[in-house]
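As provided, work_37.cif (mmCIF, C-alpha atoms and all ligand atoms) reads as follows.
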data_target
loop_
_atom_site.label_atom_id
_atom_site.label_comp_id
_atom_site.auth_asym_id
_atom_site.auth_seq_id
_atom_site.Cartn_x
_atom_site.Cartn_y
_atom_site.Cartn_z
CA MET A 1 12.20 137.36 134.37
CA ARG A 2 14.31 140.31 135.48
CA THR A 3 17.12 140.93 133.00
CA TYR A 4 20.11 143.21 133.50
CA ARG A 5 22.19 144.39 130.56
CA ILE A 6 25.84 144.35 131.52
CA ALA A 7 28.68 145.85 129.47
CA LEU A 8 31.59 143.47 129.90
CA ILE A 9 35.01 145.02 129.29
CA PRO A 10 37.72 142.45 130.08
CA GLY A 11 40.40 144.94 128.93
CA ASP A 12 44.03 143.89 129.12
CA GLY A 13 46.36 141.30 130.62
CA ILE A 14 44.89 139.29 133.45
CA GLY A 15 41.59 141.18 133.05
CA ARG A 16 40.92 138.81 130.15
CA GLU A 17 41.66 135.81 132.36
CA VAL A 18 39.73 136.72 135.49
CA MET A 19 36.59 138.14 133.90
CA PRO A 20 35.34 134.84 132.40
CA VAL A 21 35.46 133.47 135.95
CA GLY A 22 33.52 136.51 137.19
CA VAL A 23 30.87 135.98 134.52
CA ALA A 24 30.55 132.26 135.31
CA ALA A 25 30.22 133.01 139.03
CA LEU A 26 27.54 135.65 138.50
CA GLU A 27 25.63 133.42 136.12
CA ALA A 28 25.72 130.62 138.70
CA ALA A 29 24.28 133.02 141.28
CA ALA A 30 21.66 134.29 138.85
CA GLY A 31 20.46 130.74 138.28
CA LEU A 32 19.68 130.11 141.95
CA ALA A 33 16.13 130.28 143.35
CA ASP A 34 14.19 133.39 142.31
CA GLY A 35 16.59 133.70 139.39
CA PHE A 36 17.21 136.57 137.04
CA ARG A 37 19.16 136.95 133.83
CA LEU A 38 22.40 138.75 133.15
CA ASP A 39 22.72 139.75 129.54
CA PHE A 40 26.45 140.34 129.06
CA GLN A 41 27.64 142.20 125.98
CA GLU A 42 31.41 141.97 125.60
CA LEU A 43 33.23 145.06 124.34
CA PRO A 44 36.82 144.55 123.11
CA TRP A 45 38.04 147.97 124.28
CA SER A 46 41.63 147.63 125.40
CA CYS A 47 45.23 148.41 124.50
CA GLU A 48 44.97 145.89 121.66
CA TYR A 49 41.98 147.86 120.37
CA TYR A 50 44.10 151.01 120.70
CA LEU A 51 46.86 149.52 118.55
CA GLN A 52 44.31 148.72 115.84
CA HIS A 53 42.18 151.87 116.01
CA GLY A 54 44.30 154.57 117.65
CA ARG A 55 41.88 154.90 120.56
CA MET A 56 40.96 152.81 123.59
CA MET A 57 37.26 152.83 122.73
CA PRO A 58 35.19 154.05 119.79
CA GLU A 59 34.26 157.72 119.56
CA ASP A 60 30.71 156.89 120.63
CA GLY A 61 31.89 154.44 123.32
CA LEU A 62 30.43 156.38 126.23
CA GLU A 63 27.10 156.69 124.44
CA THR A 64 27.14 152.91 123.90
CA LEU A 65 27.76 152.34 127.60
CA ARG A 66 24.96 154.69 128.63
CA GLY A 67 22.37 152.10 127.59
CA PHE A 68 23.57 149.44 130.04
CA ASP A 69 22.50 148.73 133.61
CA ALA A 70 26.10 148.32 134.76
CA ILE A 71 29.67 147.98 133.53
CA TYR A 72 31.84 145.04 134.61
CA LEU A 73 35.46 145.85 133.87
CA GLY A 74 38.64 143.78 134.19
CA ALA A 75 41.93 145.65 133.90
CA VAL A 76 43.50 148.34 131.79
CA GLY A 77 47.12 148.57 130.73
CA TRP A 78 49.79 147.10 128.48
CA PRO A 79 52.74 149.35 129.27
CA GLU A 80 55.06 147.54 126.88
CA ARG A 81 52.99 148.75 123.92
CA VAL A 82 50.83 151.66 125.17
CA PRO A 83 51.89 154.22 127.78
CA ASP A 84 49.88 153.72 130.96
CA HIS A 85 48.59 157.30 131.03
CA VAL A 86 47.22 156.84 127.51
CA SER A 87 45.33 153.65 128.35
CA LEU A 88 44.01 154.92 131.70
CA TRP A 89 42.90 158.28 130.29
CA GLY A 90 41.48 156.55 127.21
CA LEU A 91 39.14 154.11 128.95
CA LEU A 92 38.83 153.86 132.72
CA LEU A 93 38.97 157.51 133.73
CA PRO A 94 36.64 158.81 130.99
CA ILE A 95 34.00 156.30 132.13
CA ARG A 96 34.30 157.37 135.77
CA LYS A 97 34.11 161.03 134.81
CA ALA A 98 31.48 160.91 132.06
CA PHE A 99 28.96 159.13 134.26
CA ASP A 100 30.03 161.04 137.36
CA LEU A 101 30.74 157.78 139.23
CA TYR A 102 31.77 159.80 142.21
CA ALA A 103 32.12 157.15 144.91
CA ASN A 104 34.69 154.41 144.61
CA VAL A 105 33.95 151.90 147.35
CA ARG A 106 36.79 149.52 148.23
CA PRO A 107 36.14 147.03 151.04
CA CYS A 108 39.08 145.45 152.82
CA ARG A 109 38.38 142.28 154.75
CA LEU A 110 40.62 139.37 155.68
CA LEU A 111 38.69 136.36 154.43
CA PRO A 112 38.42 133.05 156.28
CA GLY A 113 41.40 130.76 155.72
CA ILE A 114 43.66 133.54 154.50
CA GLU A 115 46.70 134.37 156.57
CA GLY A 116 47.43 138.07 156.28
CA PRO A 117 50.95 139.44 156.60
CA LEU A 118 50.37 141.05 160.01
CA ARG A 119 51.16 138.99 163.12
CA GLY A 120 48.17 138.72 165.44
CA LYS A 121 45.75 140.50 163.10
CA GLY A 122 42.95 138.27 161.89
CA PRO A 123 39.51 138.78 160.31
CA ASP A 124 38.28 140.63 163.42
CA GLU A 125 41.04 143.20 163.10
CA ILE A 126 41.04 143.64 159.32
CA ASN A 127 37.58 144.71 158.25
CA PHE A 128 37.09 148.21 156.90
CA VAL A 129 35.93 150.15 153.84
CA VAL A 130 37.76 152.87 151.95
CA VAL A 131 35.57 155.43 150.17
CA ARG A 132 37.55 157.11 147.42
CA GLU A 133 36.59 160.39 145.76
CA ASN A 134 36.49 159.33 142.13
CA THR A 135 36.00 162.33 139.87
CA GLU A 136 38.52 165.07 140.68
CA GLY A 137 41.29 165.86 143.21
CA GLU A 138 44.67 164.67 141.99
CA TYR A 139 42.96 163.06 138.97
CA SER A 140 41.36 166.29 137.77
CA GLY A 141 43.32 166.11 134.54
CA VAL A 142 44.11 169.82 134.70
CA GLY A 143 47.67 170.68 133.78
CA GLY A 144 50.19 170.76 131.02
CA ARG A 145 53.78 170.75 129.94
CA VAL A 146 55.71 173.50 128.20
CA HIS A 147 59.25 173.86 126.82
CA ILE A 148 59.30 170.11 126.35
CA GLY A 149 62.79 168.63 126.07
CA THR A 150 64.55 171.83 127.13
CA PRO A 151 66.39 172.41 130.41
CA TRP A 152 63.64 174.85 131.38
CA GLU A 153 60.82 172.36 130.81
CA VAL A 154 57.84 172.79 133.14
CA ALA A 155 55.18 170.23 134.09
CA VAL A 156 52.13 171.32 136.09
CA GLN A 157 49.33 169.05 137.35
CA ASP A 158 46.63 170.76 139.36
CA ILE A 159 44.69 169.24 142.23
CA VAL A 160 41.09 170.39 142.10
CA PHE A 161 38.64 170.11 144.98
CA THR A 162 35.11 171.43 144.55
CA ARG A 163 32.69 171.83 147.45
CA ARG A 164 30.09 169.77 145.58
CA ALA A 165 32.38 166.77 145.13
CA VAL A 166 34.04 166.90 148.54
CA GLU A 167 30.74 167.30 150.34
CA ARG A 168 29.00 164.47 148.52
CA ILE A 169 31.83 161.95 148.96
CA ILE A 170 32.07 162.66 152.67
CA ARG A 171 28.31 162.40 153.03
CA PHE A 172 28.43 159.13 151.07
CA ALA A 173 30.97 157.77 153.57
CA PHE A 174 28.82 158.67 156.56
CA ASP A 175 25.70 157.26 154.90
CA LEU A 176 27.58 154.03 154.16
CA ALA A 177 28.75 153.82 157.78
CA ARG A 178 25.17 154.24 159.01
CA ARG A 179 23.74 151.76 156.47
CA GLU A 180 26.34 149.08 157.26
CA GLY A 181 26.17 149.53 161.03
CA ARG A 182 29.71 150.85 161.20
CA ARG A 183 30.69 153.31 163.90
CA ARG A 184 33.44 155.61 162.73
CA VAL A 185 34.41 157.63 159.67
CA THR A 186 38.03 158.72 159.45
CA SER A 187 39.03 161.40 157.00
CA VAL A 188 42.44 160.97 155.37
CA THR A 189 44.12 164.34 154.99
CA LYS A 190 47.43 166.13 154.67
CA SER A 191 46.35 169.58 155.73
CA ASN A 192 49.58 170.31 157.57
CA ALA A 193 51.41 170.53 154.26
CA MET A 194 48.60 171.30 151.83
CA GLN A 195 47.26 174.46 153.36
CA PHE A 196 44.62 175.24 150.73
CA ASN A 197 42.91 172.18 149.33
CA MET A 198 43.32 169.85 152.31
CA VAL A 199 42.37 172.52 154.85
CA PHE A 200 39.25 172.99 152.73
CA TRP A 201 38.68 169.19 152.73
CA ASP A 202 38.97 169.15 156.54
CA GLU A 203 36.49 172.01 156.92
CA VAL A 204 33.92 170.27 154.74
CA PHE A 205 34.52 166.98 156.56
CA TRP A 206 33.67 168.48 159.95
CA GLN A 207 30.64 170.31 158.52
CA VAL A 208 29.23 167.05 157.14
CA ALA A 209 30.23 165.08 160.26
CA GLY A 210 27.94 167.39 162.22
CA GLU A 211 24.97 165.91 160.35
CA PHE A 212 25.79 162.43 161.69
CA PRO A 213 25.96 162.67 165.49
CA ASP A 214 25.54 158.88 165.78
CA ILE A 215 28.78 158.17 163.86
CA ALA A 216 32.18 158.96 165.42
CA ALA A 217 34.49 161.07 163.26
CA ASP A 218 38.19 161.77 163.22
CA GLN A 219 40.95 162.67 160.80
CA CYS A 220 44.45 161.40 160.20
CA HIS A 221 47.28 162.52 157.93
CA VAL A 222 47.86 160.14 155.04
CA ASP A 223 51.41 159.30 156.10
CA ALA A 224 50.31 158.43 159.63
CA MET A 225 47.42 156.49 158.14
CA ALA A 226 49.83 154.30 156.15
CA ALA A 227 51.50 153.38 159.44
CA ARG A 228 48.14 152.81 161.13
CA PHE A 229 47.15 150.34 158.39
CA VAL A 230 50.05 148.17 159.51
CA ARG A 231 50.22 148.82 163.26
CA ALA A 232 46.53 149.08 164.16
CA PRO A 233 44.14 148.10 161.33
CA GLU A 234 41.50 147.35 163.98
CA GLN A 235 41.12 151.13 164.43
CA LEU A 236 39.88 151.46 160.83
CA ASP A 237 36.18 151.33 160.02
CA VAL A 238 35.17 153.66 157.17
CA LEU A 239 37.85 155.87 155.62
CA VAL A 240 37.15 158.71 153.23
CA ALA A 241 39.98 160.01 151.10
CA SER A 242 40.86 161.89 147.95
CA ASN A 243 41.31 160.14 144.63
CA LEU A 244 45.07 159.54 144.87
CA PHE A 245 45.39 159.03 148.62
CA ALA A 246 42.72 156.33 148.52
CA ASP A 247 44.23 154.70 145.45
CA ILE A 248 47.58 154.34 147.19
CA LEU A 249 46.13 153.21 150.51
CA THR A 250 43.94 150.57 148.90
CA ASP A 251 46.94 148.80 147.39
CA LEU A 252 48.23 148.61 150.96
CA ALA A 253 44.79 147.37 151.98
CA GLY A 254 45.10 144.63 149.37
CA ALA A 255 48.37 143.56 150.94
CA LEU A 256 46.65 143.38 154.35
CA GLN A 257 44.07 141.07 152.77
CA GLY A 258 46.85 138.74 151.71
CA SER A 259 46.74 139.69 148.02
CA LEU A 260 45.59 142.48 145.75
CA GLY A 261 43.91 139.61 143.95
CA LEU A 262 41.24 139.78 146.65
CA SER A 263 40.42 143.51 146.42
CA PRO A 264 37.17 144.53 144.73
CA SER A 265 35.79 147.97 143.95
CA ALA A 266 32.56 149.65 142.92
CA ASN A 267 32.44 152.97 141.06
CA ILE A 268 29.03 154.25 142.02
CA THR A 269 26.55 156.99 141.29
CA HIS A 270 23.03 157.05 142.56
CA ASP A 271 21.88 158.37 139.19
CA ARG A 272 20.26 155.20 137.85
CA THR A 273 19.98 156.63 134.33
CA VAL A 274 23.69 155.87 133.81
CA PRO A 275 25.63 152.67 134.51
CA SER A 276 27.79 152.27 137.60
CA MET A 277 31.00 150.30 137.11
CA PHE A 278 32.48 147.36 139.02
CA GLU A 279 36.09 146.21 138.78
CA PRO A 280 38.83 144.47 140.70
CA VAL A 281 41.29 146.97 142.19
CA HIS A 282 44.23 145.24 140.54
CA GLY A 283 45.57 146.16 137.14
CA SER A 284 46.53 144.05 134.15
CA ALA A 285 49.60 142.48 135.87
CA PRO A 286 51.74 142.03 132.75
CA ASP A 287 54.25 139.97 134.76
CA ILE A 288 51.81 137.07 135.13
CA ALA A 289 49.45 137.72 132.20
CA GLY A 290 49.03 134.68 129.97
CA LYS A 291 50.20 132.20 132.60
CA GLY A 292 46.69 131.28 133.74
CA ILE A 293 47.49 131.79 137.41
CA ALA A 294 45.82 135.14 138.16
CA ASN A 295 43.56 135.21 141.20
CA PRO A 296 39.98 135.67 139.95
CA LEU A 297 38.40 136.30 143.39
CA ALA A 298 38.67 140.12 143.32
CA ALA A 299 36.78 140.12 140.02
CA VAL A 300 34.17 137.75 141.46
CA TRP A 301 33.79 139.90 144.58
CA ALA A 302 33.43 143.02 142.39
CA GLY A 303 30.66 141.13 140.61
CA ALA A 304 28.96 140.51 143.96
CA MET A 305 29.07 144.25 144.59
CA MET A 306 27.41 144.74 141.21
CA LEU A 307 24.60 142.30 142.07
CA GLU A 308 24.08 144.06 145.39
CA PHE A 309 23.90 147.41 143.63
CA LEU A 310 21.38 146.03 141.13
CA GLY A 311 19.22 144.99 144.07
CA GLU A 312 19.97 141.25 143.85
CA ARG A 313 20.92 140.86 147.49
CA GLN A 314 20.46 137.10 147.80
CA ALA A 315 22.55 136.40 144.75
CA ALA A 316 25.26 138.78 145.97
CA ALA A 317 25.30 136.99 149.32
CA ALA A 318 25.55 133.62 147.54
CA VAL A 319 28.60 134.82 145.61
CA MET A 320 30.24 136.02 148.83
CA ARG A 321 29.52 132.67 150.49
CA GLY A 322 31.11 130.94 147.51
CA ILE A 323 34.27 133.09 147.76
CA GLU A 324 34.51 132.52 151.50
CA ARG A 325 34.10 128.80 151.15
CA VAL A 326 36.92 128.65 148.60
CA THR A 327 39.26 130.70 150.81
CA ALA A 328 38.31 128.74 153.94
CA GLN A 329 38.92 125.38 152.26
CA ARG A 330 42.25 126.58 150.80
CA SER A 331 42.31 123.76 148.23
CA ALA A 332 41.76 125.94 145.14
CA LEU A 333 43.85 129.01 145.90
CA THR A 334 46.07 130.62 143.29
CA PRO A 335 49.83 131.14 143.85
CA ASP A 336 49.48 134.73 145.16
CA LEU A 337 47.77 133.13 148.18
CA GLY A 338 50.25 130.30 148.52
CA GLY A 339 48.16 127.81 146.52
CA ARG A 340 48.82 125.90 143.31
CA ALA A 341 45.48 126.30 141.54
CA THR A 342 45.12 127.90 138.14
CA THR A 343 42.66 130.71 137.49
CA ALA A 344 40.30 128.17 135.90
CA GLU A 345 40.56 125.73 138.82
CA CYS A 346 39.90 128.47 141.36
CA GLY A 347 37.01 129.63 139.16
CA ALA A 348 35.49 126.15 138.96
CA ALA A 349 35.70 125.86 142.75
CA VAL A 350 33.98 129.17 143.32
CA VAL A 351 31.20 128.37 140.83
CA GLU A 352 30.64 125.01 142.53
CA ALA A 353 30.63 126.68 145.95
CA ILE A 354 28.07 129.28 144.82
CA ARG A 355 25.80 126.52 143.57
CA THR A 356 26.05 124.47 146.76
CA ALA A 357 26.88 126.77 149.68
CA ARG A 358 23.76 127.42 151.71
CA PRO A 359 23.31 130.37 154.08
CA GLY A 360 25.21 129.67 157.30
CA ALA A 361 27.09 126.72 155.71
N1 LIG A 401 40.84 147.19 137.43
C1 LIG A 401 41.06 148.25 136.57
C2 LIG A 401 42.51 148.62 136.53
O1 LIG A 401 43.20 148.28 135.61
N2 LIG A 401 42.97 149.29 137.56
C3 LIG A 401 44.34 149.61 137.71
C4 LIG A 401 44.65 151.05 137.86
O2 LIG A 401 45.80 151.43 137.78
N3 LIG A 401 43.66 151.88 138.08
C5 LIG A 401 43.86 153.25 138.27
C6 LIG A 401 42.97 153.82 139.28
O3 LIG A 401 42.06 153.19 139.77
O4 LIG A 401 43.19 154.99 139.60
#
What does the file become when written as structure tokens?
Ligand code: GGG
Amino acid sequence: MRTYRIALIPGDGIGREVMPVGVAALEAAAGLADGFRLDFQELPWSCEYYLQHGRMMPEDGLETLRGFDAIYLGAVGWPERVPDHVSLWGLLLPIRKAFDLYANVRPCRLLPGIEGPLRGKGPDEINFVVVRENTEGEYSGVGGRVHIGTPWEVAVQDIVFTRRAVERIIRFAFDLARREGRRRVTSVTKSNAMQFNMVFWDEVFWQVAGEFPDIAADQCHVDAMAARFVRAPEQLDVLVASNLFADILTDLAGALQGSLGLSPSANITHDRTVPSMFEPVHGSAPDIAGKGIANPLAAVWAGAMMLEFLGERQAAAAVMRGIERVTAQRSALTPDLGGRATTAECGAAVVEAIRTARPGA
């Protein structure tokens, strides 16, 4: 039987509540016809680990992860006890960078039964994918502070764009558009104000676009794009954007979906000798952590993306059918979607739906 070794990092806050649901859902899908096995190994790396050990993961953590087929991660952050930049730069970002997980794919789709916040915009209008550059740009980590605490203190954070990274993420977006039968790639830019790095981004975008004459291409400034998300989401198909621009826009995308609790993401490399990583877009949500009401569906959907990436297409489709049945029926939705279900109740419903929902049902 095919077996996949999965590093499970629930992390912090609601990550620890939604990931057990994700695991149960994926195991239900694995057990369907033509089954396979998922061998989860849980790693306790988190802010709690940091408080005990002074680091978010062990010194050889990345080497440990290297041996897995994929990483399934919940959420990172406990700002009350550990500064957010320490937790993010101690766990999530080192994984993305060490394994060069250069493409962060974030689908945005209004699911059946969910009423989005935009009047007159339903599932036909809200269905697009954001491709986020995931290794450099505003998250390059280059910078520093001097004269700390003095009136002449200086903080510098550099934005780094390399031709290699910009070219490959734009090509990834066009390839994705072609593979998924989508028609347009829109580059998110700000080259009116950022006359060096974003003008460079635009140049590379149009060079790569030339290789894909079958896919329409255009560009839009990030501020105008924020407005377009709300006024005309039907114009969006595949977006490609820098690390920070895409991170900001995909929280807005989550709102268009009705809840950030429905937004999944895949951190991908095509180098199969290292693990790609799959996570919900949301963070640890300290405001609701421990209440048992977090929406687990983004984590489950991220798991479906992992199965798809591992080549388990039927199982991935079964998980998506399960999610869609739960949203369409509306009887097991969590409070972020106007329901009264707990995380566990929503999870039980999705597991049941995966086991019973047949294609086309
Ligand atoms: N799901 C992982 C998580 O905690 N994400 C929240 C977050 O702030 N991520 C930062 C980022 O993706 O740049």
Using only C-alpha atoms and all ligand atoms, what does the table of chain A residues within 7 Å of ligand LIG 401 (chain A) look like, with each row giving the shortest atom pair and its distance in Å to one decimal, sorted by chain and ascending number, as a Markdown table?
| residue | atom | partner | partner_atom | distance |
| --- | --- | --- | --- | --- |
| A:Leu73 | CA | A:LIG401 | N1 | 6.6 |
| A:Gly74 | CA | A:LIG401 | N1 | 5.2 |
| A:Ala75 | CA | A:LIG401 | O1 | 3.4 |
| A:Val76 | CA | A:LIG401 | O1 | 3.8 |
| A:Gly77 | CA | A:LIG401 | O1 | 6.3 |
| A:Leu88 | CA | A:LIG401 | C5 | 6.8 |
| A:Asp247 | CA | A:LIG401 | O4 | 5.9 |
| A:Glu279 | CA | A:LIG401 | N1 | 5.0 |
| A:Pro280 | CA | A:LIG401 | N1 | 4.7 |
| A:Val281 | CA | A:LIG401 | N1 | 4.8 |
| A:His282 | CA | A:LIG401 | N1 | 5.0 |
| A:Gly283 | CA | A:LIG401 | O1 | 3.5 |
| A:Ser284 | CA | A:LIG401 | O1 | 5.6 |
Go through A:Lys190, A:Arg179, A:Arg231, A:Arg321 and flag the residue nearest A:Ile215, using all atoms listed in the file for the distances.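 Of the candidates, the smallest distance to A:Ile215 is held by A:Arg179.
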Would you kindly return, as a PyMOL selection string, each protein, DNA or RNA residue with an atom no farther than 10 Å from any atom of A:Ala24, considering all atoms listed in the file and excluding same-chain residues fewer than 5 positions away? chain A and resi 19+29-30+300+347-348+350-351
With all atoms listed in the file as the counted atoms, please give the residues lying no more than 9 Å from stretch 46-48 of chain A, apart from itself and same-chain residues fewer than 6 positions off, as a JSON list (two decimals) with C-alpha atoms, in the coordinates of the input.
[["chain", "number", "residue", "atom", "x", "y", "z"],
["A", 9, "ILE", "CA", 35.01, 145.02, 129.29],
["A", 10, "PRO", "CA", 37.72, 142.45, 130.08],
["A", 11, "GLY", "CA", 40.40, 144.94, 128.93],
["A", 12, "ASP", "CA", 44.03, 143.89, 129.12],
["A", 55, "ARG", "CA", 41.88, 154.90, 120.56],
["A", 56, "MET", "CA", 40.96, 152.81, 123.59],
["A", 57, "MET", "CA", 37.26, 152.83, 122.73],
["A", 75, "ALA", "CA", 41.93, 145.65, 133.90],
["A", 76, "VAL", "CA", 43.50, 148.34, 131.79],
["A", 77, "GLY", "CA", 47.12, 148.57, 130.73],
["A", 78, "TRP", "CA", 49.79, 147.10, 128.48],
["A", 79, "PRO", "CA", 52.74, 149.35, 129.27],
["A", 81, "ARG", "CA", 52.99, 148.75, 123.92],
["A", 82, "VAL", "CA", 50.83, 151.66, 125.17],
["A", 87, "SER", "CA", 45.33, 153.65, 128.35],
["A", 91, "LEU", "CA", 39.14, 154.11, 128.95]]
Which polymer residues have any atom within 8 Å of an atom of A:Glu115, counting only C-alpha atoms, with same-chain residues fewer than 4 positions away left out, as a PDB file with C-alpha atoms, in the coordinates of the input?
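Result file follows (out_29.pdb):
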ATOM      1  CA  LEU A 110      40.620 139.370 155.680  1.00  0.00           C
ATOM      2  CA  GLY A 122      42.950 138.270 161.890  1.00  0.00           C
ATOM      3  CA  GLY A 258      46.850 138.740 151.710  1.00  0.00           C
TER       4      GLY A 258
END
Within 7 Å of stretch 161-178 of chain A, counting all atoms listed in the file, which residues show up once you throw out same-chain ones fewer than 2 positions away? Write them as a PyMOL selection string, please. chain A and resi 103+131+133+136-137+159+180-183+185+197+201+204-205+208+238+240
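Counting all atoms listed in the file, the residue from A:Val160, A:Asp69, A:Ala28, A:Cys346 that sits nearest to A:Gly311 is A:Asp69.
With atom CA of A:Tyr4 on one side and atom CA of A:Ala302 on the other, the separation reads 16.0 Å.
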How many Å lie between atom CA of A:Leu260 and atom CA of A:Glu308, rounded to one decimal?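 Separation between atom CA of A:Leu260 and atom CA of A:Glu308: 21.6 Å.
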Tell me which protein, DNA and RNA residues are within 10 Å of A:Ile268, counting only C-alpha atoms, leaving out same-chain ones fewer than 5 positions away, and put them as a PyMOL selection string. chain A and resi 70+96+99-105+134+274-278+306+309
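Closest approach to A:Ile71 from the set A:Gln157, A:Asn192, A:Leu307, A:Trp206 is made by A:Leu307, with distances taken over all atoms listed in the file.
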Could you check the closest approach to A:Gly292 for each of A:Gly141, A:Gly13, A:Pro123, A:Pro44 and tell me which residue wins, using only C-alpha atoms? A:Gly13
Out of A:Leu256, A:Ala241, A:Ile114, A:Ala304, which residue has the shortest atom-to-atom distance to A:Val23 when counting all atoms listed in the file?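 Closest residue, counting all atoms listed in the file: A:Ala304.
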Within 10 Å of (45.7, 156.2, 150.8) in the file's own coordinates, which protein, DNA or RNA residues have an atom, counting only C-alpha atoms? List them as a PyMOL selection string. chain A and resi 130+132+188-189+221-223+225-226+229+239-253
Just how far from atom CA of A:Trp301 is atom CA of A:Met320, in Å to one decimal? 6.8 Å
Selected residue of minimal separation from A:Leu92 among A:Ile323, A:Val230, A:Leu62, A:Ile354, counting all atoms listed in the file: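 Among A:Ile323, A:Val230, A:Leu62, A:Ile354, it is A:Leu62 that comes nearest to A:Leu92.
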